[in-house]
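A short worksheet on the structure shown next.
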Amino acid sequence: MSKGLRQELLLLALLLLFALFIGGLTGYVSQFLLVSMAGYLLWNLYNIQRLTRWLKSPSKNTPETTGVWDEIYYQLYQLYQRQRNARRKLTSILSRFQESTQALPYATVVLNEFFEIDWFNSAAKNMFDLHASKDVGQRIDNLIRQPRFTMYIKSRDYDTPLEFSMGANNLLLSLTAYGSGQYLMIVRDITERTKLDAMRRDFIANASHELKTPITVISGFIETMREQSDESLQIPLEKIQQQASRMQLILNELLQLARLESENYIDHPEVVDVENLLDEIYQDAIVLDSGKHDIVLSSLPLTVDGSREELRMAFSNLIINAIRYTPENGKIKIFATADEAGVYVGVEDEGIGVTYEHIPRLTERFYRVDPGRSRNQGGTGLGLAIVKHVLDRHRAQLVIQSRPGKGSLFRCHFPVPQAVIEPRESVTQL
């Protein structure tokens with residue numbers, strides 16, 4: 001029991017005893033008890049009125065009183081102080097947040113649960129011509145009228161940033177949910193980066209195209225010279241022809257990469273029968289391998305949306321890599337499975353494997369763990385880069401697992417919306 005409550009009970013007890021004593025002397029006990037209780041009630045109503053006035057305008061000067069009311073004022077004042085301190089701290093944090101976001105070069109907009117603007121920084125004001133006096137409280141998709149942006153807002157799927165054009169500018173937008181139904185929208189102007197990427201793609205495509213004809217001519221002349229020269233020149237000419245063929249392969253793959261990079265996604269996807277496609281690739285792999293490995297195909301009856309030719313190119317590259325880097329008589333497994341998360345197509349081998357630190361860079365152009373070994377195996381360093389770009393265009397992911405000396409697993413994951421399991425019997429080939 002608190003001190004204030006003890007004082008209040010003591011005061012009430014003394015008041016009752018006084019009423020009983022005076023009432024006993026005069027013979028009006030009940031009347032004096034009633035008057036005492038009425039006085040006590042009026043005293044509490046008076047304190048309630050003072051408390052109401054103080055709550056309307058709290059200050060450090062609390063009304064003077066006694067008993068439980070003194071403790072009530074003390075506790076309320078402590079709560080008032082804590083709220084003031086918390087409010088002061090939140091105001092300071094908000095001010096620092098606004099100052100920091102105002103300094104950001106990226107357009108930053110705070111949205112509520114209805115996608116109405118709560119706040120924006122100077123970069124957003126300049127990028128979207130926003131005005132605090134009239135645009136705060138407006139829905140963001142009413143102010144940024146761009147079809148792809150509107151669809152993105154309605155999709156409620158903000159895991160992948162949105163790239164879209166607005167006027168002459170290319171913008172990259174990310175939307176992050178936080179707090180209680182609020183969103184932080186950050187937009188970057190990537191116009192220059194897009195132009196540089198386009199210039200790089202055009203340069204690679206043009207250079208590859210221009211070099212293709214001379215390399216073809218050189219290869220033809222070398223073939224003619226090999227037929228007409230004596231044995232002393234056969235070995236040098238064979239080396240030259242090998243390098244010319246390798247150069248021609250690199251140019252072809254660079255052209256494929258340039259074509260894949262020209263667009264982010266496939267405009268007109270088709271339904272691709274994964275089981276049938278893998279069966280074709282499996283038959284080609286058997287011919288290419290010439291019996292050097294134990295190649296196994298295990299596939300469920302699955303389909304995905306996309307480009308059949310591009311997927312064929314990606315899966316073929318994975319299988320060719322497995323053949324190149326798996327020792328003779330090693331096992332290579334080609335598989336296609338599915339679960340509630342989507343379709344998985346992959347290749348598992350018993351090859352040389354790679355260490356963990358190399359895995360994130362395997363899909364970079366011309367990246368090789370062992371350059372000398374890769375060249376001897378006939379690799380160009382572009383195969384996995386092509387696989388990654390094909391999967392990006394299909395909104396899929398490449399997952400790589402590998403252990404040195406134990407083998408590697410390359411698995412392509414196609415998310416649920418694209419994946420369909422057909423009601424047919426699965427195929428397993430040995």
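Residue names in the structure tokens use chain letters A, B, ... in the order shown, residue numbers from 1 in each chain, and ligand numbers from 1 in the order shown.
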
Residues within 9 Å of range 319-328 of chain A, please, as JSON, numbers by chain. Count only C-alpha atoms; anything in the same chain fewer than 5 positions from it doesn't count.
{"A": [281, 282, 285, 288, 289, 291, 292, 293, 294, 314, 334, 346, 347, 348, 349, 350, 351, 352, 353, 374, 377, 378, 379, 383, 384, 407, 408]}

Neighbouring residues of Phe149 in chain A were defined as those with any atom within 8 Å, considering only C-alpha atoms; residues of the same chain fewer than 4 positions away were excluded. Please report them as a VMD selection string. chain A and resid 141 144 to 145 153 162 164

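Between CA of Trp69 in chain A and CA of Val35 in chain A there is a distance of 21.5 Å.
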
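Shell of Asp202 in chain A at 12 Å, with only C-alpha atoms counted and residues fewer than 5 places along the chain excluded, is Lys195, Leu196, Asp197, Ala207, Ser208, His209, Glu210, Leu254, Leu255, Leu257, Ala258, Arg259, Glu261 and Ser262 of chain A.
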
Pull N, CA and C atoms from the residues just selected and write them as a short mmCIF file (atom, residue, chain, number, x, y, z; two decimals), in the first residue's frame.
```cif
data_model
loop_
_atom_site.label_atom_id
_atom_site.label_comp_id
_atom_site.auth_asym_id
_atom_site.auth_seq_id
_atom_site.Cartn_x
_atom_site.Cartn_y
_atom_site.Cartn_z
N LYS A 195 22.81 4.65 -70.35
CA LYS A 195 23.48 5.02 -71.60
C LYS A 195 24.83 4.33 -71.74
N LEU A 196 25.59 4.28 -70.61
CA LEU A 196 26.90 3.62 -70.65
C LEU A 196 26.74 2.13 -70.91
N ASP A 197 25.75 1.51 -70.28
CA ASP A 197 25.50 0.08 -70.53
C ASP A 197 25.13 -0.17 -71.99
N ALA A 207 31.76 -4.83 -82.35
CA ALA A 207 33.12 -5.37 -82.49
C ALA A 207 33.08 -6.86 -82.80
N SER A 208 32.19 -7.58 -82.10
CA SER A 208 32.07 -9.02 -82.34
C SER A 208 31.61 -9.29 -83.76
N HIS A 209 30.64 -8.49 -84.22
CA HIS A 209 30.13 -8.68 -85.58
C HIS A 209 31.20 -8.40 -86.63
N GLU A 210 31.96 -7.32 -86.41
CA GLU A 210 32.99 -6.95 -87.38
C GLU A 210 34.14 -7.94 -87.39
N LEU A 254 29.80 -13.75 -77.27
CA LEU A 254 29.66 -12.32 -77.00
C LEU A 254 28.43 -11.75 -77.69
N LEU A 255 28.18 -12.20 -78.92
CA LEU A 255 26.97 -11.76 -79.64
C LEU A 255 25.71 -12.25 -78.93
N LEU A 257 25.44 -12.80 -75.70
CA LEU A 257 25.31 -11.98 -74.51
C LEU A 257 24.74 -10.60 -74.83
N ALA A 258 25.23 -10.00 -75.91
CA ALA A 258 24.74 -8.68 -76.31
C ALA A 258 23.24 -8.74 -76.62
N ARG A 259 22.81 -9.82 -77.26
CA ARG A 259 21.39 -9.97 -77.57
C ARG A 259 20.57 -10.17 -76.30
N GLU A 261 21.29 -9.06 -73.34
CA GLU A 261 21.30 -7.84 -72.54
C GLU A 261 20.46 -6.73 -73.15
N SER A 262 20.02 -6.89 -74.38
CA SER A 262 19.28 -5.82 -75.04
C SER A 262 17.93 -5.55 -74.37
#
```

Of A:Gln146, A:Thr194, A:Ser299, A:Thr363, the one sitting nearest Lys333 in chain A when using only C-alpha atoms is A:Ser299

Filtered DSSP result for range 103-195 of chain A, state strand (DSSP E or B), as an NGL selection string:
:A and (107-111 or 116-120 or 139 or 162-166 or 169-178 or 182-189)

Keeping only C-alpha atoms, write those residues as a short mmCIF file (atom, residue, chain, number, x, y, z; two decimals), in the first residue's frame.
```
data_model
loop_
_atom_site.label_atom_id
_atom_site.label_comp_id
_atom_site.auth_asym_id
_atom_site.auth_seq_id
_atom_site.Cartn_x
_atom_site.Cartn_y
_atom_site.Cartn_z
CA ALA A 107 14.63 11.05 -54.26
CA THR A 108 13.11 9.86 -50.96
CA VAL A 109 9.37 9.80 -50.22
CA VAL A 110 7.59 8.56 -47.07
CA LEU A 111 4.19 7.02 -47.82
CA GLU A 116 -0.38 8.89 -49.68
CA ILE A 117 2.63 11.19 -49.33
CA ASP A 118 3.62 12.03 -45.74
CA TRP A 119 6.99 13.61 -46.49
CA PHE A 120 9.58 13.98 -49.28
CA ARG A 139 -1.65 9.35 -53.56
CA LEU A 162 11.37 -1.27 -60.60
CA GLU A 163 13.19 0.24 -63.56
CA PHE A 164 11.07 2.56 -65.68
CA SER A 165 11.29 5.59 -67.95
CA MET A 166 9.84 8.98 -67.17
CA ASN A 169 15.13 9.82 -67.75
CA ASN A 170 15.54 6.20 -66.68
CA LEU A 171 14.69 5.67 -63.03
CA LEU A 172 15.30 2.84 -60.57
CA LEU A 173 12.72 2.68 -57.75
CA SER A 174 12.75 0.60 -54.58
CA LEU A 175 9.89 0.43 -52.08
CA THR A 176 10.46 -0.78 -48.51
CA ALA A 177 7.72 -1.41 -45.96
CA TYR A 178 8.38 -0.32 -42.38
CA GLN A 182 4.26 2.79 -43.98
CA TYR A 183 6.57 2.71 -47.00
CA LEU A 184 9.88 4.33 -47.84
CA MET A 185 10.26 4.98 -51.57
CA ILE A 186 13.75 5.70 -52.91
CA VAL A 187 14.25 6.61 -56.58
CA ARG A 188 17.59 6.95 -58.38
CA ASP A 189 18.24 8.49 -61.76
#
```

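Take CA of Ile359 in chain A and CA of Gln401 in chain A: the distance between them is 7.8 Å.
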
Alpha helix (DSSP H) residues, from DSSP on the backbone, in range 35-109 of chain A, as a ChimeraX atom specification | /A:35-56,68-103

TODO: Write out as a PyMOL selection string each polymer residue whose atoms come within 9 Å of Leu391 in chain A, counting only C-alpha atoms; drop sequence neighbours fewer than 2 positions from it.
DONE: chain A and resi 310-311+314+386-389+393-398+412-414
